[in-house]
Amino acid sequence: MITGYWVSQCLYAAARLNLADHLQAGPRSVSELASATQAHEPSLYRLLRALASVGVILEAPAQTFSLTPMGVYLRSDVPGSVAGMALMLGDREHYNSWGNIVHSIMTGESAFENLFGMQVFDYYAQNPEPAMVFDRAMTSFSAQEMGGVLSHYDFSGIGTLVDVAGGHGSMLTAILQAYPTMQGILFDLPAVIAGAQSVVAGTSVADRCQLVAGSFFEPMPAGADAYLLKHIIHDWDDARSIEILKQCRAAMAENGRVLVVEQVIPPGNDPHMSKLLDVNMLVMCPGGKERTADEYEQLFAAAGLKLTRIVPTPSMVSVVEGIRA
């Protein structure tokens with residue numbers, strides 16, 4: 001467990017060098033890979049050997065390497081790719097912040113902000129390259145969750161769905177494709193909406209998906225049947241989360257609902273990704289946190305909402321549903 005970051009940083013290096021993409025056509029020798037990546041050949045071999053020891057790639061005679069079934073997911077072009085996650089979590093923004101974890105534990109403050117002098121989303125706004133890595137990671141993360149949400153939560157009866165801070169619309173367009181009579185509104189900051197236009201236009205549901213720019217701390221598109229917040233609430237402390245939920249409540253139709261898609265921390269000592277992700281939110285975001293079912297119930301109540309049910313999915317997230325109290 002103590003040496004766990006050795007493995008994660010080896011995976012980061014593999015993603016940074018696009019090793020899995022270079023191996024997608026079949027086995028290649030270390031010299032070929034060194035030439036393709038412009039890496040130092042003896043050092044690259046040592047990385048490859050370490051990755052082979054944890055099942056990501058396979059070493060054959062004559063220092064030739066190929067991808068294992070697990071290693072395929074480091075490719076950038078496959079469904080379920082985790083290459084973006086490997087890059088984001090291994091880059092200096094996350095990696096250095098986790099190295100500063102004791103600051104967060106001692107103060108309750110963001111280690112990221114302590115290191116970089118600003119909040120994480122302000123940083124991404126000023127630094128396009130890590131922002132692109134973040135967007136890529138979130139897209140791949142969303143793709144893994146999408147199938148589980150669609151298969152386990154019934155969106156029937158929703159005439160219009162607003163995806164609040166929905167990024168480039170991957171979740172919303174997938175839902176619209178599954179529900180042919182539904183209308184969608186993608187709501188996000190102006191710069192994000194500008195980037196989403198070409199993405200949404202390239203889908204089969206562009207005629208049913210309206211793009212609206214704005215902030216979730218301000219009035220949202222009104223009158224919709226449901227407001228979806230996927231990985232939004234966990235970025236914020238209780239006061240700001242309540243403010244966002246209140247904006248949803250004020251905007252939604254009389255019989256509308258709020259759908260919060262997040263990990264829900266279970267009780268007990270069993271392992272669960274939410275318990276580690278919660279520490280990541282502590283380190284990266286001021287006030288960010290994962291929450292238990294009881295904490296979501298209290299959060300909804302403070303926003304004038306009633307938590308009606310929590311729908312688990314096969315992925316790590318659940319759908320936390322609420323209506324007007």
# chains A, B, ... in the order shown; residues from 1 in each chain; ligands from 1
>>> residues_around(residues="stretch 204-208 of chain A", least_positions_apart="3", cutoff="9 Å", atoms="only C-alpha atoms", output="PDB file with all heavy atoms, in the first residue's frame")
ATOM      1  N   THR A 173     -26.565  13.817 -24.066  1.00  0.00           N
ATOM      2  CA  THR A 173     -26.868  13.272 -25.393  1.00  0.00           C
ATOM      3  C   THR A 173     -27.108  11.766 -25.330  1.00  0.00           C
ATOM      4  O   THR A 173     -27.937  11.247 -26.084  1.00  0.00           O
ATOM      5  CB  THR A 173     -25.741  13.596 -26.386  1.00  0.00           C
ATOM      6  OG1 THR A 173     -24.478  13.143 -25.872  1.00  0.00           O
ATOM      7  CG2 THR A 173     -25.660  15.093 -26.655  1.00  0.00           C
ATOM      8  N   ALA A 174     -26.429  11.068 -24.430  1.00  0.00           N
ATOM      9  CA  ALA A 174     -26.682   9.635 -24.277  1.00  0.00           C
ATOM     10  C   ALA A 174     -28.089   9.379 -23.757  1.00  0.00           C
ATOM     11  O   ALA A 174     -28.782   8.457 -24.212  1.00  0.00           O
ATOM     12  CB  ALA A 174     -25.651   9.017 -23.334  1.00  0.00           C
ATOM     13  N   LEU A 176     -30.686  11.428 -24.122  1.00  0.00           N
ATOM     14  CA  LEU A 176     -31.611  11.795 -25.195  1.00  0.00           C
ATOM     15  C   LEU A 176     -31.699  10.692 -26.252  1.00  0.00           C
ATOM     16  O   LEU A 176     -32.776  10.437 -26.806  1.00  0.00           O
ATOM     17  CB  LEU A 176     -31.178  13.113 -25.836  1.00  0.00           C
ATOM     18  CG  LEU A 176     -31.288  14.372 -24.966  1.00  0.00           C
ATOM     19  CD1 LEU A 176     -30.754  15.583 -25.705  1.00  0.00           C
ATOM     20  CD2 LEU A 176     -32.722  14.620 -24.511  1.00  0.00           C
ATOM     21  N   GLN A 177     -30.589  10.048 -26.533  1.00  0.00           N
ATOM     22  CA  GLN A 177     -30.612   8.948 -27.500  1.00  0.00           C
ATOM     23  C   GLN A 177     -31.442   7.775 -26.988  1.00  0.00           C
ATOM     24  O   GLN A 177     -32.108   7.081 -27.762  1.00  0.00           O
ATOM     25  CB  GLN A 177     -29.184   8.506 -27.809  1.00  0.00           C
ATOM     26  CG  GLN A 177     -28.419   9.490 -28.676  1.00  0.00           C
ATOM     27  CD  GLN A 177     -26.918   9.245 -28.706  1.00  0.00           C
ATOM     28  OE1 GLN A 177     -26.420   8.315 -28.069  1.00  0.00           O
ATOM     29  NE2 GLN A 177     -26.189  10.076 -29.431  1.00  0.00           N
ATOM     30  N   PRO A 180     -36.278   8.930 -26.951  1.00  0.00           N
ATOM     31  CA  PRO A 180     -36.455   9.705 -28.193  1.00  0.00           C
ATOM     32  C   PRO A 180     -37.437  10.862 -28.107  1.00  0.00           C
ATOM     33  O   PRO A 180     -37.414  11.749 -28.967  1.00  0.00           O
ATOM     34  CB  PRO A 180     -36.964   8.650 -29.191  1.00  0.00           C
ATOM     35  CG  PRO A 180     -36.563   7.338 -28.622  1.00  0.00           C
ATOM     36  CD  PRO A 180     -36.585   7.507 -27.146  1.00  0.00           C
ATOM     37  N   THR A 181     -38.319  10.902 -27.104  1.00  0.00           N
ATOM     38  CA  THR A 181     -39.275  12.005 -27.003  1.00  0.00           C
ATOM     39  C   THR A 181     -38.811  13.112 -26.052  1.00  0.00           C
ATOM     40  O   THR A 181     -39.485  14.135 -25.922  1.00  0.00           O
ATOM     41  CB  THR A 181     -40.649  11.487 -26.534  1.00  0.00           C
ATOM     42  OG1 THR A 181     -40.531  10.931 -25.217  1.00  0.00           O
ATOM     43  CG2 THR A 181     -41.181  10.428 -27.492  1.00  0.00           C
ATOM     44  N   MET A 182     -37.701  12.917 -25.398  1.00  0.00           N
ATOM     45  CA  MET A 182     -37.215  13.882 -24.401  1.00  0.00           C
ATOM     46  C   MET A 182     -36.515  15.060 -25.075  1.00  0.00           C
ATOM     47  O   MET A 182     -35.833  14.910 -26.087  1.00  0.00           O
ATOM     48  CB  MET A 182     -36.245  13.185 -23.434  1.00  0.00           C
ATOM     49  CG  MET A 182     -35.754  14.076 -22.298  1.00  0.00           C
ATOM     50  SD  MET A 182     -34.463  13.278 -21.289  1.00  0.00           S
ATOM     51  CE  MET A 182     -35.405  11.961 -20.515  1.00  0.00           C
ATOM     52  N   GLN A 183     -36.681  16.247 -24.491  1.00  0.00           N
ATOM     53  CA  GLN A 183     -35.929  17.434 -24.871  1.00  0.00           C
ATOM     54  C   GLN A 183     -34.837  17.674 -23.825  1.00  0.00           C
ATOM     55  O   GLN A 183     -35.043  17.389 -22.637  1.00  0.00           O
ATOM     56  CB  GLN A 183     -36.846  18.656 -24.943  1.00  0.00           C
ATOM     57  CG  GLN A 183     -37.956  18.550 -25.980  1.00  0.00           C
ATOM     58  CD  GLN A 183     -37.438  18.601 -27.397  1.00  0.00           C
ATOM     59  OE1 GLN A 183     -36.569  19.416 -27.723  1.00  0.00           O
ATOM     60  NE2 GLN A 183     -37.971  17.733 -28.255  1.00  0.00           N
ATOM     61  N   GLY A 184     -33.704  18.201 -24.259  1.00  0.00           N
ATOM     62  CA  GLY A 184     -32.605  18.435 -23.336  1.00  0.00           C
ATOM     63  C   GLY A 184     -32.082  19.851 -23.406  1.00  0.00           C
ATOM     64  O   GLY A 184     -32.143  20.503 -24.457  1.00  0.00           O
ATOM     65  N   ILE A 185     -31.581  20.339 -22.276  1.00  0.00           N
ATOM     66  CA  ILE A 185     -30.917  21.640 -22.219  1.00  0.00           C
ATOM     67  C   ILE A 185     -29.560  21.436 -21.552  1.00  0.00           C
ATOM     68  O   ILE A 185     -29.486  20.976 -20.402  1.00  0.00           O
ATOM     69  CB  ILE A 185     -31.736  22.671 -21.423  1.00  0.00           C
ATOM     70  CG1 ILE A 185     -33.096  22.900 -22.077  1.00  0.00           C
ATOM     71  CG2 ILE A 185     -30.966  23.993 -21.317  1.00  0.00           C
ATOM     72  CD1 ILE A 185     -34.018  23.816 -21.274  1.00  0.00           C
ATOM     73  N   VAL A 200     -22.047  18.545 -29.682  1.00  0.00           N
ATOM     74  CA  VAL A 200     -23.480  18.245 -29.719  1.00  0.00           C
ATOM     75  C   VAL A 200     -23.989  18.220 -31.153  1.00  0.00           C
ATOM     76  O   VAL A 200     -24.812  17.378 -31.528  1.00  0.00           O
ATOM     77  CB  VAL A 200     -24.268  19.257 -28.870  1.00  0.00           C
ATOM     78  CG1 VAL A 200     -25.771  19.050 -29.026  1.00  0.00           C
ATOM     79  CG2 VAL A 200     -23.871  19.140 -27.400  1.00  0.00           C
ATOM     80  N   ALA A 201     -23.487  19.135 -31.979  1.00  0.00           N
ATOM     81  CA  ALA A 201     -23.918  19.191 -33.377  1.00  0.00           C
ATOM     82  C   ALA A 201     -23.609  17.894 -34.120  1.00  0.00           C
ATOM     83  O   ALA A 201     -24.306  17.544 -35.083  1.00  0.00           O
ATOM     84  CB  ALA A 201     -23.258  20.369 -34.084  1.00  0.00           C
TER      85      ALA A 201
END
>>> residues_around(residues="stretch 236-247 of chain A", least_positions_apart="2", cutoff="12 Å", atoms="only C-alpha atoms", output="PyMOL selection string")
chain A and resi 108-110+119-121+164-165+215-222+227-229+231-234+249-252+257-260+278+281-282+284-291+295-307+321-325
>>> residues_around(residues="stretch 81-89 of chain A", least_positions_apart="3", cutoff="6 Å", atoms="only C-alpha atoms", output="PyMOL selection string")
chain A and resi 12+15+73-74+76+78+94+133-134+136-137
>>> write_last_selection(atoms="N, CA and C atoms", output="CSV table (one decimal), in the first residue's frame")
chain,number,residue,atom,x,y,z
A,12,TYR,N,1.1,6.7,-15.2
A,12,TYR,CA,1.1,8.0,-15.7
A,12,TYR,C,2.1,8.2,-16.8
A,15,ALA,N,1.0,6.6,-20.0
A,15,ALA,CA,-0.1,7.4,-20.6
A,15,ALA,C,0.6,8.7,-21.3
A,73,TYR,N,-6.9,-0.7,-22.0
A,73,TYR,CA,-7.6,0.5,-21.5
A,73,TYR,C,-6.7,1.7,-21.3
A,74,LEU,N,-5.4,1.6,-21.5
A,74,LEU,CA,-4.6,2.8,-21.5
A,74,LEU,C,-4.5,3.4,-22.9
A,76,SER,N,-5.9,5.5,-25.9
A,76,SER,CA,-6.8,6.7,-25.9
A,76,SER,C,-8.0,6.6,-26.7
A,78,VAL,N,-10.2,3.7,-27.1
A,78,VAL,CA,-11.1,2.6,-26.8
A,78,VAL,C,-12.2,3.0,-25.9
A,94,HIS,N,-2.6,17.2,-9.4
A,94,HIS,CA,-3.1,16.3,-8.4
A,94,HIS,C,-1.9,15.7,-7.6
A,133,VAL,N,-6.6,18.2,-20.1
A,133,VAL,CA,-6.4,16.9,-19.5
A,133,VAL,C,-7.5,16.6,-18.6
A,134,PHE,N,-7.9,17.6,-17.8
A,134,PHE,CA,-9.1,17.4,-16.8
A,134,PHE,C,-10.3,17.0,-17.6
A,136,ARG,N,-10.6,15.7,-20.5
A,136,ARG,CA,-10.5,14.3,-21.1
A,136,ARG,C,-10.7,13.3,-20.0
A,137,ALA,N,-10.2,13.5,-18.8
A,137,ALA,CA,-10.4,12.6,-17.7
A,137,ALA,C,-11.9,12.5,-17.3
>>> atom_distance(atom1="atom CA of A:Asp21", atom2="atom CA of A:Ile57")
12.3 Å
>>> closest_residue(among="A:Cys209, A:Ala20, A:Met132, A:Ile158", to="A:Asp77", atoms="only C-alpha atoms")
A:Ala20
>>> atom_distance(atom1="atom CA of A:Ile2", atom2="atom CA of A:Glu93")
20.7 Å
